[in-house]
Amino acid sequence: MVASHDVVLVGGGGAGLRAAIAIAEANPRLSVAVVSKVYPMRSHTVSAEGGAAGVIRADDSLDEHCYDTISGGDWLSDQDAVEAFVKEAPEELLRLEHWGCPWSREPDGRIGVRPFGGMKKMRTWYAADKTGFHMLHALFQTSLKYRAVARYDEWFVTKLLVDDGRVQGVVAIELRSGRIQPILAKATILCTGGCGRVFPFTTNATIKTGDGMALAYRAGAPLKDMEFMQYHPTGLPFTGILITEAARAEGGWLLNKDGYRYLQDYDLGKPTPKPVLRSMELGPRDRLSQVFVKEMEKGRTIDTPYGPVVNLDLRHLGERVINTKLPFVRELCLKYQNIDPIKEMIPVRPVVHYMMGGVHTDIHGATPLPGLYAAGEVACVSINGANRLGSNSLPELLVFGARAGRAAAEYASSQKEPGPAVVAQAEDERRRLVHDLLQRTDGRERIATVRDAMQKTMEESAGIYRSGPGLAKAADRLGELEEQARRIGLDDHSRTFNTELVTALELQFMVEVARTMVGSALKREESRGAHQRIDFPKRDDQRFLAHSLCRRAADGSCRIEYLPVTITRWPPGERVYGR
Amino acid sequence: MSTERNRYTEFRPRWYRPKMSTWWWLKRWSSLAFILRELSSIFIAWFIYFFLRLVHALGRGDAAYREFLAWAASPGIVVLNGITFAFVLFHAVTWFNLAPQAMVVHLGGKRLPGALIAGANYAAWVVATALVLWIVSR
Amino acid sequence: MMARRSIEPLVWILFSVGGVVAAMFVPVLLFLFGFAYPLGWLASPSHAHLVAVVGHPLVRVLLFFLCTLCLLHAAHRFRYTLYDGLQLQHLQELILLVSYGGAFVGSVAAGVLLWQFG
Amino acid sequence: MVDRITVEVARYRPEKEAEPSFQAYEVPCRKDWVILDGLNHIKDHLDGTLSYRWSCRMGVCGSCGMTVNGEPKLTCATFLADYAPGPLRVEPLRNFPIIRDVIVDIDDFMQKLSAVKPWLIRDAEKPLAEGEYRQTPAQLDEYKQFSMCINCMLCYSACPVYGLDPEFIGPAAIALAQRYNLDSRDQGARQRDEVLSKHEGIWSCTFVGECTKVCPKHVDPAGAIQRYKLSSAMGSVKDFLMPWRGK
Ligand SMILES: Cc1cc2nc3c(=O)[nH]c(=O)nc-3n(C[C@H](O)[C@H](O)[C@H](O)COP(=O)(O)OP(=O)(O)OC[C@H]3O[C@@H](n4cnc5c(N)ncnc54)[C@H](O)[C@@H]3O)c2cc1C
Ligand code: SF4
Ligand code: F3S
Ligand code: FES
């Protein structure tokens, strides 16, 4: 069987659904398919808590949002992209309001905004502390209204079909039947989200395995800025469940084991009882996570069975603020940590959270590979530079999801139908999956073993602080692990909903992505944003005011090139917080 | 139809469709409580029958009324009424407790808390009971 | 709005009102006439008094409603209990006849009794 | 020494079995392990053939609902230790066709969800340039609760009426319809009523109330349904008394 559409979207999260609606609205005659390995409303956008930034207040300006984003990204953001993003974000958030998203409100019925880390003004729209959940459900439910949108729920994409220099669809497994088949398209948009699962300790859901990055990379598209992985300063110790930055924005304090607001020792401002924007607890995530490590080295963190922690203190906010603005934080703490933030402090530690890098795209979401587009966390436009500001990702999904959708729709309208060559390719892929994995009986390696080894390697070498020798060692180790991942032996040889097969494929994707991260990190001999090299502790604009582009060589290793950063109006400067 | 359809063939999976057992409501305490609540209907019907017999007896004179009271005091009827009473109370309590879920009352732009609505129901119950007591035994 | 015209909302209203009436009045009446008076816990009211009470036209109307609504309430619930508890949907016609038919007969009996009272 | 607990998991492999059976595994019973951690332990170390759904492991994506010792639960939000010393039975959600092991088919719900038009319906869309629809916090509170549904299907699994009559639209879909009906920005109540006021809509529900009891997000679908019954019934009384009204 062969399915065929005008545009195929891989991923039904915030970016994918926004793109689908954009296409349906741009040209209702186009047939759109949303292929997703989980039901769209299960996508990880559902977990986003804190909010989505967009300028609406009179005391705020687009330029200020641009500046916060660019300085937050340590000047690695492309400024034309940031300007477009900042301009369109409020419109997109408003559109979502018109689609029913239950934004939290001011008493007079206007949209409410809250402060957020690294932002100089209050501009983060929020739906209590379940912003992503409400956005995703509003998008999903709205998408149901468009007949042109076909859904392939619980289909897992394994490969992009490339012929004649352009991407012409995907190969996917229908999980419930086990059937492997091509879904052809004139344009393909990747919206597969991030890759936090390459690390052992992450806020990311189990589905965030970097599939889209690996798919694009294998198909020949470059990955950009893969060395920039964001640690969020406040995750719950055992589970890695995120305690949103909104907790600090509402006035929460970070305390070390002596009950001291230690951020004041690290040039992040002076402690004040009320939160001050771009200061102390409202500093950017990269800095806060780095400071945690420093604090740990000084022996001022608290030891627990799940590693060192500090305390996040919300008690002084009072029951009412916590219940109205942070109810989910309270629910999560009660459930998973057995503590009540109204009465107790929350133990937290930095946790892998967000991939700044991703598939290289232009400002319209187009990758260098014709017919291939990308949007959302999988893509790198780049607005996030070396460190994303909290609450910039959700609006990014909308702005660039819509842009990629419109661009793909236009491209698809001018293309001819995919040819028979890709159908033959799909058949090869099917054979590979069946023979090399599904029916293979001589496989030696267990998925969990390889995965644990990969995660350990990444944590040790590519964590908050990195070093040349550590990364080099990791690169070798990952090479071995890639070999092992290819020799996986499955227990399960059946067709119907074979989740073990999916996990094996995800592992192969993850190892691929991990190699690009380590490869890019090794080459960047400077410290910038989330990428901190102990052997090169300074930012080096001479050599590295540039995006890394990672291409896959024939032997599976990655080749790194650099692409200059687009600077429009904000020349590189010092990142100043709390002053 | 034929067993052919129930057999697995590649890519044409067969889902297993469990059938709900007739005794599903015995498996969980809460479903049993539900069925008991629903069974209160039989006892309410019985009460109406009982009550109409009272009315009938009243209509036929003092002797018939006394006869009715004697009948009502016979052990079988007392036991039956005892069970009925338990069921009727169960009905009343569940009914009042669920009232807030079906009814949302606004007062001055604010939504009244559920406990208040249930409370109002119980208060009405007390009043109704007192009223009947007063009328009957005056 | 044809859908609105279906009989279900009306049946449901009667069921609900019946539920309220049953909850409000049945416990006390049953307590008095099922236990307190027959078993002598309380001195039973005189025949004359009760006849006077029941004989009042307003009371007769109210009692008629009490009986009808309670019976309808019971019939409705009983019907669904048979559907859900015993999975007898296939006997739908029979169940409808027995439950609502029973309630109808009971209501007519109540009507006749109360009409002729006194 | 960690305690151990026996987990009996329902297995069903349509390719070789005609009906489900149980398979027992012994897993560590750690204090902070949820049931899902136990299943992951099985999958990683004991038996890779066990299949189940999960994703966020923080109780918000709605993937991981299963029947645990007879009760529908989110397995990522239910602790193993609460069932010590075991054994513990993990089965698929009730009232759905079983695809494999503990994975059920929820297509039926997905269709019903679409049928109740869960999106904002306006007579005339307000242009973006005119800004947001004003909505006070009190108006938001009117429907907020019903917007919290994560589509986890625990309520469908608990509702006997749905089990007996799969035509029943069911608790979550009706709650989501109410979520829009009660939204001050929405004008689509009449359109949704066509589906809701059918027999398979609200009238099938006999107020068992289990849906609300098992809902992990306090959505109260039972309340949504009864409230709709009340307003629909009032509406039909009004229609009856004033036939010229409406339309
Ligand atoms: C806990 C948490 C809290 C966050 N809070 C905030 C916040 O407050 N503000 C903010 O701005 N950002 C926040 N973020 C970041 C933000 O939520 C994510 O970056 C964003 O949701 C990613 O959305 P997406 O659409 O790109 O991908 P996702 O929502 O992750 O969706 C990916 C989609 O791709 C599909 N997919 C993936 N691989 C395949 C495949 N091989 N085949 C088929 N389908 C596939 C998946 O099924 C899924 O539908 C948070 C992130 C986390 C983890
Ligand atoms: S109403 Fe509650 S139980 Fe039902 S699907 Fe929604 S969240 Fe789950
Ligand atoms: S359990 Fe079912 S019967 Fe109604 S109240 Fe809930 S939907
Ligand atoms: S895994 Fe997401 S709700 Fe349990």
# chains A, B, ... in the order shown; residues from 1 in each chain; ligands from 1

call {"tool": "select_by_dssp", "arguments": {"residues": "range 37-224 of chain D", "states": "alpha helix (DSSP H)", "output": "PyMOL selection string"}}
result
chain D and resi 37-41+107-115+137-144+154-158+160-164+171-181+189-196+210-214+221-224

call {"tool": "closest_atom_pairs", "arguments": {"of": "chain D", "to": "chain B", "cutoff": "9 Å", "atoms": "only C-alpha atoms", "output": "tab-separated table"}}
result
residue	atom	partner	partner_atom	distance
D:Tyr12	CA	B:Tyr16	CA	8.2
D:Pro14	CA	B:Arg14	CA	6.2
D:Glu15	CA	B:Tyr8	CA	5.7
D:Lys16	CA	B:Tyr8	CA	7.8
D:Ala18	CA	B:Tyr16	CA	7.8
D:Glu19	CA	B:Tyr16	CA	6.7
D:Pro20	CA	B:Tyr16	CA	8.0
D:Gly70	CA	B:Arg28	CA	7.6
D:Glu71	CA	B:Arg28	CA	8.4
D:Arg94	CA	B:Pro18	CA	8.0
D:Asn95	CA	B:Pro18	CA	7.4
D:Phe96	CA	B:Arg17	CA	7.0
D:Pro97	CA	B:Arg17	CA	4.6
D:Ile98	CA	B:Tyr16	CA	4.9
D:Ile99	CA	B:Trp15	CA	5.0
D:Arg100	CA	B:Trp15	CA	7.6
D:Val104	CA	B:Trp15	CA	8.6
D:Asp105	CA	B:Trp15	CA	8.2
D:Ala138	CA	B:Lys110	CA	7.5
D:Glu142	CA	B:Arg111	CA	8.5
D:Pro160	CA	B:Trp24	CA	8.3
D:Gly163	CA	B:Met20	CA	6.7
D:Leu164	CA	B:Met20	CA	7.1
D:Val208	CA	B:Phe34	CA	6.2
D:Gly209	CA	B:Phe34	CA	8.5
D:Glu210	CA	B:Ser30	CA	7.7
D:Asp220	CA	B:Gln101	CA	8.1
D:Ala222	CA	B:Gln101	CA	7.2
D:Gly223	CA	B:Gln101	CA	4.3
D:Ala224	CA	B:Ala102	CA	7.5
D:Ile225	CA	B:Ala102	CA	7.7
D:Gln226	CA	B:Ala102	CA	4.6
D:Arg227	CA	B:Ala102	CA	4.5
D:Tyr228	CA	B:Ala102	CA	8.1
D:Lys229	CA	B:Ala102	CA	8.1
D:Leu230	CA	B:Ala102	CA	7.1

call {"tool": "interface_residues", "arguments": {"of": "chain C", "to": "chain D", "cutoff": "12 Å", "atoms": "only C-alpha atoms", "output": "short mmCIF file (atom, residue, chain, number, x, y, z; two decimals) with N, CA, C and O atoms, in the first residue's frame"}}
result
data_model
loop_
_atom_site.label_atom_id
_atom_site.label_comp_id
_atom_site.auth_asym_id
_atom_site.auth_seq_id
_atom_site.Cartn_x
_atom_site.Cartn_y
_atom_site.Cartn_z
N MET C 1 -35.23 22.46 16.27
CA MET C 1 -34.63 21.63 17.30
C MET C 1 -35.47 20.38 17.55
O MET C 1 -36.09 20.22 18.59
N MET C 2 -35.48 19.51 16.56
CA MET C 2 -36.28 18.30 16.74
C MET C 2 -35.77 17.48 17.92
O MET C 2 -36.54 16.90 18.67
N ALA C 3 -34.45 17.47 18.05
CA ALA C 3 -33.88 16.61 19.09
C ALA C 3 -34.48 16.93 20.45
O ALA C 3 -34.77 16.04 21.24
N ARG C 4 -34.69 18.21 20.66
CA ARG C 4 -35.21 18.64 21.96
C ARG C 4 -36.60 18.07 22.22
O ARG C 4 -37.03 17.93 23.35
N ARG C 5 -37.30 17.82 21.15
CA ARG C 5 -38.68 17.38 21.33
C ARG C 5 -38.80 15.94 21.82
O ARG C 5 -39.88 15.47 22.07
N SER C 6 -37.68 15.23 21.89
CA SER C 6 -37.78 13.84 22.29
C SER C 6 -38.32 13.79 23.72
O SER C 6 -38.29 14.77 24.47
N ILE C 7 -38.83 12.63 24.06
CA ILE C 7 -39.52 12.53 25.33
C ILE C 7 -38.53 12.42 26.48
O ILE C 7 -38.86 12.67 27.63
N GLU C 8 -37.27 12.13 26.14
CA GLU C 8 -36.32 11.82 27.20
C GLU C 8 -36.13 12.93 28.25
O GLU C 8 -36.13 12.63 29.43
N PRO C 9 -36.01 14.17 27.81
CA PRO C 9 -35.85 15.20 28.84
C PRO C 9 -37.04 15.24 29.80
O PRO C 9 -36.85 15.43 31.01
N LEU C 10 -38.24 15.02 29.28
CA LEU C 10 -39.41 15.08 30.16
C LEU C 10 -39.40 13.93 31.15
O LEU C 10 -39.64 14.12 32.35
N VAL C 11 -39.10 12.75 30.63
CA VAL C 11 -39.04 11.59 31.52
C VAL C 11 -38.00 11.84 32.60
O VAL C 11 -38.20 11.55 33.78
N TRP C 12 -36.89 12.43 32.17
CA TRP C 12 -35.81 12.66 33.13
C TRP C 12 -36.23 13.67 34.21
O TRP C 12 -35.92 13.51 35.39
N ILE C 13 -36.95 14.71 33.79
CA ILE C 13 -37.40 15.69 34.78
C ILE C 13 -38.30 15.02 35.80
O ILE C 13 -38.13 15.20 37.01
N LEU C 14 -39.24 14.21 35.29
CA LEU C 14 -40.14 13.54 36.22
C LEU C 14 -39.35 12.62 37.15
O LEU C 14 -39.61 12.57 38.35
N PHE C 15 -38.41 11.92 36.56
CA PHE C 15 -37.55 11.05 37.37
C PHE C 15 -36.85 11.84 38.46
O PHE C 15 -36.81 11.43 39.63
N SER C 16 -36.33 12.98 38.09
CA SER C 16 -35.57 13.78 39.06
C SER C 16 -36.46 14.35 40.14
O SER C 16 -36.13 14.29 41.33
N VAL C 17 -37.58 14.90 39.71
CA VAL C 17 -38.48 15.46 40.71
C VAL C 17 -38.94 14.34 41.64
O VAL C 17 -38.98 14.50 42.86
N HIS C 76 -38.35 4.36 36.27
CA HIS C 76 -37.22 4.76 35.44
C HIS C 76 -35.93 4.10 35.92
O HIS C 76 -35.18 3.52 35.16
N ARG C 77 -35.74 4.17 37.20
CA ARG C 77 -34.52 3.58 37.75
C ARG C 77 -34.51 2.08 37.57
O ARG C 77 -33.49 1.48 37.22
N PHE C 78 -35.67 1.48 37.81
CA PHE C 78 -35.76 0.03 37.74
C PHE C 78 -35.42 -0.43 36.32
O PHE C 78 -34.68 -1.40 36.12
N ARG C 79 -35.93 0.32 35.37
CA ARG C 79 -35.68 -0.02 33.99
C ARG C 79 -34.17 -0.05 33.71
O ARG C 79 -33.63 -1.00 33.16
N TYR C 80 -33.48 1.00 34.13
CA TYR C 80 -32.05 1.04 33.85
C TYR C 80 -31.28 0.02 34.68
O TYR C 80 -30.24 -0.48 34.27
N THR C 81 -31.81 -0.29 35.86
CA THR C 81 -31.13 -1.32 36.66
C THR C 81 -31.17 -2.65 35.91
O THR C 81 -30.19 -3.39 35.89
N LEU C 82 -32.28 -2.93 35.28
CA LEU C 82 -32.37 -4.18 34.51
C LEU C 82 -31.43 -4.13 33.30
O LEU C 82 -30.76 -5.11 32.99
N TYR C 83 -31.37 -2.98 32.66
CA TYR C 83 -30.46 -2.87 31.52
C TYR C 83 -29.02 -3.08 31.96
O TYR C 83 -28.28 -3.88 31.40
N ASP C 84 -28.61 -2.30 32.96
CA ASP C 84 -27.19 -2.28 33.34
C ASP C 84 -26.81 -3.49 34.18
O ASP C 84 -25.84 -4.18 33.92
N GLY C 85 -27.62 -3.72 35.22
CA GLY C 85 -27.24 -4.75 36.19
C GLY C 85 -27.35 -6.14 35.60
O GLY C 85 -26.51 -6.99 35.82
N LEU C 86 -28.40 -6.37 34.86
CA LEU C 86 -28.60 -7.72 34.34
C LEU C 86 -28.41 -7.80 32.83
O LEU C 86 -28.58 -8.87 32.25
N GLN C 87 -28.07 -6.71 32.21
CA GLN C 87 -27.84 -6.69 30.77
C GLN C 87 -29.00 -7.25 29.98
O GLN C 87 -28.86 -8.19 29.21
N LEU C 88 -30.16 -6.70 30.23
CA LEU C 88 -31.35 -7.24 29.57
C LEU C 88 -31.88 -6.30 28.49
O LEU C 88 -33.08 -6.28 28.22
N GLN C 89 -30.98 -5.53 27.86
CA GLN C 89 -31.47 -4.59 26.84
C GLN C 89 -32.34 -5.26 25.80
O GLN C 89 -33.26 -4.66 25.26
N HIS C 90 -32.02 -6.52 25.52
CA HIS C 90 -32.78 -7.18 24.45
C HIS C 90 -34.25 -7.38 24.83
O HIS C 90 -35.08 -7.62 24.00
#

call {"tool": "residues_near_ligand", "arguments": {"ligand": "ligand 4", "cutoff": "10 Å", "atoms": "only C-alpha atoms and all ligand atoms", "output": "ChimeraX atom specification"}}
result
/A:42-44,46-47,205-206 /D:34-36,53-66,73-78,150-152,216

call {"tool": "write_last_selection", "arguments": {"atoms": "N, CA, C and O atoms", "output": "short mmCIF file (atom, residue, chain, number, x, y, z; two decimals), in the first residue's frame"}}
result
data_model
loop_
_atom_site.label_atom_id
_atom_site.label_comp_id
_atom_site.auth_asym_id
_atom_site.auth_seq_id
_atom_site.Cartn_x
_atom_site.Cartn_y
_atom_site.Cartn_z
N ARG A 42 -0.84 13.58 23.06
CA ARG A 42 0.15 13.01 24.00
C ARG A 42 1.55 13.60 23.75
O ARG A 42 2.49 13.24 24.45
N SER A 43 1.70 14.40 22.72
CA SER A 43 3.02 14.93 22.36
C SER A 43 3.60 15.71 23.53
O SER A 43 2.87 16.18 24.40
N HIS A 44 4.88 15.90 23.50
CA HIS A 44 5.49 16.44 24.70
C HIS A 44 5.18 17.91 24.96
O HIS A 44 5.40 18.39 26.07
N VAL A 46 2.62 18.90 25.66
CA VAL A 46 1.64 18.79 26.74
C VAL A 46 2.26 19.05 28.12
O VAL A 46 1.58 19.44 29.05
N SER A 47 3.57 18.82 28.24
CA SER A 47 4.21 18.96 29.55
C SER A 47 4.65 20.38 29.86
O SER A 47 5.02 20.66 31.00
N ALA A 205 9.98 13.72 27.96
CA ALA A 205 9.22 12.48 27.92
C ALA A 205 10.00 11.41 27.17
O ALA A 205 10.95 11.71 26.44
N THR A 206 9.55 10.20 27.29
CA THR A 206 10.27 9.09 26.69
C THR A 206 10.26 9.16 25.16
O THR A 206 11.07 8.53 24.50
N VAL D 34 6.98 4.31 40.69
CA VAL D 34 5.58 4.17 40.31
C VAL D 34 5.43 2.84 39.55
O VAL D 34 6.42 2.20 39.20
N ILE D 35 4.20 2.46 39.30
CA ILE D 35 3.97 1.18 38.62
C ILE D 35 4.67 1.17 37.26
O ILE D 35 5.25 0.17 36.85
N LEU D 36 4.65 2.33 36.60
CA LEU D 36 5.31 2.42 35.31
C LEU D 36 6.81 2.10 35.42
O LEU D 36 7.37 1.46 34.54
N ARG D 53 1.77 1.63 26.70
CA ARG D 53 2.03 3.00 26.26
C ARG D 53 2.47 3.87 27.43
O ARG D 53 1.93 3.73 28.53
N TRP D 54 3.36 4.76 27.18
CA TRP D 54 3.66 5.79 28.17
C TRP D 54 4.44 6.89 27.48
O TRP D 54 4.97 6.70 26.39
N SER D 55 4.48 8.06 28.10
CA SER D 55 5.32 9.10 27.55
C SER D 55 5.83 10.07 28.61
O SER D 55 7.00 10.03 28.96
N CYS D 56 4.96 10.89 29.16
CA CYS D 56 5.46 12.01 29.96
C CYS D 56 5.95 11.61 31.34
O CYS D 56 6.68 12.32 31.96
N ARG D 57 5.49 10.51 31.84
CA ARG D 57 5.66 10.03 33.21
C ARG D 57 5.51 11.15 34.27
O ARG D 57 6.13 11.15 35.30
N MET D 58 4.64 12.11 33.97
CA MET D 58 4.29 13.10 34.98
C MET D 58 2.78 13.39 34.99
O MET D 58 2.35 14.46 35.38
N GLY D 59 2.01 12.40 34.56
CA GLY D 59 0.57 12.49 34.73
C GLY D 59 -0.12 13.55 33.89
O GLY D 59 -1.15 14.08 34.29
N VAL D 60 0.40 13.85 32.72
CA VAL D 60 -0.25 14.91 31.96
C VAL D 60 -0.50 14.55 30.49
O VAL D 60 -1.32 15.15 29.83
N CYS D 61 0.17 13.49 29.99
CA CYS D 61 -0.04 13.17 28.57
C CYS D 61 -1.21 12.21 28.39
O CYS D 61 -1.77 12.11 27.30
N GLY D 62 -1.56 11.49 29.45
CA GLY D 62 -2.74 10.62 29.37
C GLY D 62 -2.53 9.28 28.69
O GLY D 62 -3.48 8.61 28.35
N SER D 63 -1.27 8.86 28.50
CA SER D 63 -1.02 7.61 27.77
C SER D 63 -1.16 6.36 28.61
O SER D 63 -1.47 5.30 28.08
N CYS D 64 -0.84 6.45 29.91
CA CYS D 64 -0.45 5.24 30.62
C CYS D 64 -1.56 4.65 31.48
O CYS D 64 -1.28 3.97 32.46
N GLY D 65 -2.81 4.89 31.14
CA GLY D 65 -3.91 4.34 31.93
C GLY D 65 -3.98 2.83 31.81
O GLY D 65 -3.89 2.28 30.72
N MET D 66 -4.12 2.16 32.94
CA MET D 66 -4.30 0.70 32.96
C MET D 66 -5.18 0.35 34.14
O MET D 66 -5.43 1.18 35.01
N LYS D 73 -6.21 3.34 36.63
CA LYS D 73 -5.20 4.22 37.22
C LYS D 73 -4.25 4.74 36.15
O LYS D 73 -4.02 4.05 35.16
N LEU D 74 -3.66 5.90 36.40
CA LEU D 74 -2.50 6.31 35.62
C LEU D 74 -1.31 5.62 36.26
O LEU D 74 -1.00 5.87 37.42
N THR D 75 -0.62 4.78 35.49
CA THR D 75 0.45 4.01 36.13
C THR D 75 1.67 4.86 36.43
O THR D 75 2.52 4.46 37.20
N CYS D 76 1.76 6.05 35.83
CA CYS D 76 2.91 6.89 36.17
C CYS D 76 2.62 7.72 37.40
O CYS D 76 3.46 8.50 37.84
N ALA D 77 1.41 7.61 37.93
CA ALA D 77 1.07 8.42 39.10
C ALA D 77 0.55 7.53 40.22
O ALA D 77 -0.16 7.99 41.11
N THR D 78 0.88 6.25 40.16
CA THR D 78 0.44 5.31 41.19
C THR D 78 1.65 4.54 41.66
O THR D 78 2.39 3.99 40.85
N ILE D 150 -7.24 15.13 30.27
CA ILE D 150 -6.05 14.69 29.54
C ILE D 150 -6.36 13.51 28.61
O ILE D 150 -5.45 12.85 28.11
N ASN D 151 -7.62 13.23 28.41
CA ASN D 151 -8.04 12.13 27.52
C ASN D 151 -7.42 10.79 27.91
O ASN D 151 -7.02 10.02 27.04
N CYS D 152 -7.35 10.53 29.19
CA CYS D 152 -6.67 9.31 29.63
C CYS D 152 -7.57 8.10 29.57
O CYS D 152 -7.10 6.97 29.70
N PRO D 216 -8.25 11.35 37.26
CA PRO D 216 -7.06 11.82 37.96
C PRO D 216 -6.90 13.33 37.92
O PRO D 216 -6.05 13.88 38.60
#

call {"tool": "interface_residues", "arguments": {"of": "chain B", "to": "chain C", "cutoff": "6 Å", "atoms": "only C-alpha atoms", "output": "mmCIF file with N, CA, C and O atoms, in the first residue's frame"}}
result
data_model
loop_
_atom_site.group_PDB
_atom_site.id
_atom_site.type_symbol
_atom_site.label_atom_id
_atom_site.label_comp_id
_atom_site.auth_asym_id
_atom_site.auth_seq_id
_atom_site.Cartn_x
_atom_site.Cartn_y
_atom_site.Cartn_z
ATOM 1 N N THR B 22 -22.076 -10.444 33.483
ATOM 2 C CA THR B 22 -23.370 -10.050 34.038
ATOM 3 C C THR B 22 -23.205 -9.576 35.482
ATOM 4 O O THR B 22 -23.975 -8.778 35.984
ATOM 5 N N GLU B 38 -29.573 1.969 42.867
ATOM 6 C CA GLU B 38 -30.605 1.850 41.849
ATOM 7 C C GLU B 38 -31.733 0.943 42.316
ATOM 8 O O GLU B 38 -32.894 1.145 41.977
ATOM 9 N N SER B 41 -35.161 1.761 44.029
ATOM 10 C CA SER B 41 -36.403 2.010 43.293
ATOM 11 C C SER B 41 -37.489 0.998 43.650
ATOM 12 O O SER B 41 -38.651 1.365 43.851
ATOM 13 N N ALA B 45 -41.163 1.851 45.322
ATOM 14 C CA ALA B 45 -42.434 1.369 44.779
ATOM 15 C C ALA B 45 -43.218 0.618 45.867
ATOM 16 O O ALA B 45 -44.428 0.802 46.018
ATOM 17 N N GLY B 59 -59.911 5.187 54.306
ATOM 18 C CA GLY B 59 -61.173 5.468 53.640
ATOM 19 C C GLY B 59 -62.276 4.528 54.106
ATOM 20 O O GLY B 59 -63.462 4.869 54.051
ATOM 21 N N ASP B 62 -62.456 3.429 60.838
ATOM 22 C CA ASP B 62 -61.533 3.284 61.949
ATOM 23 C C ASP B 62 -61.028 1.853 62.089
ATOM 24 O O ASP B 62 -59.845 1.599 62.301
ATOM 25 N N LEU B 69 -52.858 -1.008 60.867
ATOM 26 C CA LEU B 69 -51.727 -0.839 61.780
ATOM 27 C C LEU B 69 -51.258 -2.189 62.314
ATOM 28 O O LEU B 69 -50.058 -2.439 62.455
ATOM 29 N N ALA B 72 -49.352 -3.869 59.664
ATOM 30 C CA ALA B 72 -48.042 -3.242 59.527
ATOM 31 C C ALA B 72 -47.103 -3.664 60.645
ATOM 32 O O ALA B 72 -45.889 -3.605 60.496
ATOM 33 N N ALA B 73 -47.685 -4.098 61.767
ATOM 34 C CA ALA B 73 -46.838 -4.510 62.894
ATOM 35 C C ALA B 73 -46.445 -5.976 62.800
ATOM 36 O O ALA B 73 -45.664 -6.465 63.618
ATOM 37 N N ALA B 92 -31.875 8.790 49.751
ATOM 38 C CA ALA B 92 -31.918 10.208 50.105
ATOM 39 C C ALA B 92 -30.501 10.779 50.231
ATOM 40 O O ALA B 92 -30.191 11.831 49.664
ATOM 41 N N TRP B 125 -34.621 18.945 53.794
ATOM 42 C CA TRP B 125 -35.082 17.625 54.240
ATOM 43 C C TRP B 125 -35.610 17.714 55.677
ATOM 44 O O TRP B 125 -36.669 17.207 56.010
ATOM 45 N N THR B 129 -39.407 17.044 56.823
ATOM 46 C CA THR B 129 -39.704 16.028 57.834
ATOM 47 C C THR B 129 -40.497 16.629 58.985
ATOM 48 O O THR B 129 -41.514 16.077 59.435
ATOM 49 N N SER B 137 -49.174 14.497 63.279
ATOM 50 C CA SER B 137 -49.379 14.206 64.701
ATOM 51 C C SER B 137 -50.058 15.346 65.453
ATOM 52 O O SER B 137 -50.224 15.280 66.642
#

call {"tool": "residues_near_ligand", "arguments": {"ligand": "ligand 2", "cutoff": "7 Å", "atoms": "only C-alpha atoms and all ligand atoms", "output": "list in words"}}
result
Met148, Cys149, Ile150, Asn151, Cys152, Met153, Leu154, Cys155, Tyr156, Pro171, Ala172, Ala175, Cys211, Thr212, Val214, Cys215, Pro216, Lys217, His218, Val219, Asp220 and Pro221 of chain D

call {"tool": "residues_around", "arguments": {"residues": "range 177-187 of chain D", "least_positions_apart": "6", "cutoff": "8 Å", "atoms": "only C-alpha atoms", "output": "ChimeraX atom specification"}}
result
/A:100 /D:116-123,133,135,139-140,142-147,224,228

call {"tool": "write_last_selection", "arguments": {"atoms": "C-alpha atoms", "output": "short mmCIF file (atom, residue, chain, number, x, y, z; two decimals), in the first residue's frame"}}
result
data_model
loop_
_atom_site.label_atom_id
_atom_site.label_comp_id
_atom_site.auth_asym_id
_atom_site.auth_seq_id
_atom_site.Cartn_x
_atom_site.Cartn_y
_atom_site.Cartn_z
CA GLY A 100 -10.14 28.81 22.74
CA VAL D 116 -19.06 16.96 19.78
CA LYS D 117 -17.15 19.73 17.97
CA PRO D 118 -14.61 20.54 20.64
CA TRP D 119 -13.50 23.85 19.24
CA LEU D 120 -14.58 27.41 19.66
CA ILE D 121 -17.59 28.16 17.47
CA ARG D 122 -18.42 31.76 16.67
CA ASP D 123 -21.15 33.29 14.56
CA TYR D 133 -12.04 38.21 23.64
CA GLN D 135 -12.90 36.88 29.72
CA GLN D 139 -15.85 33.40 33.47
CA LEU D 140 -12.72 31.33 33.08
CA GLU D 142 -16.90 28.43 34.73
CA TYR D 143 -15.30 25.94 32.37
CA LYS D 144 -11.72 25.65 33.62
CA GLN D 145 -12.32 22.35 35.38
CA PHE D 146 -13.65 20.70 32.22
CA SER D 147 -10.67 21.91 30.23
CA ALA D 224 -20.84 17.98 33.43
CA TYR D 228 -26.23 19.37 30.79
#
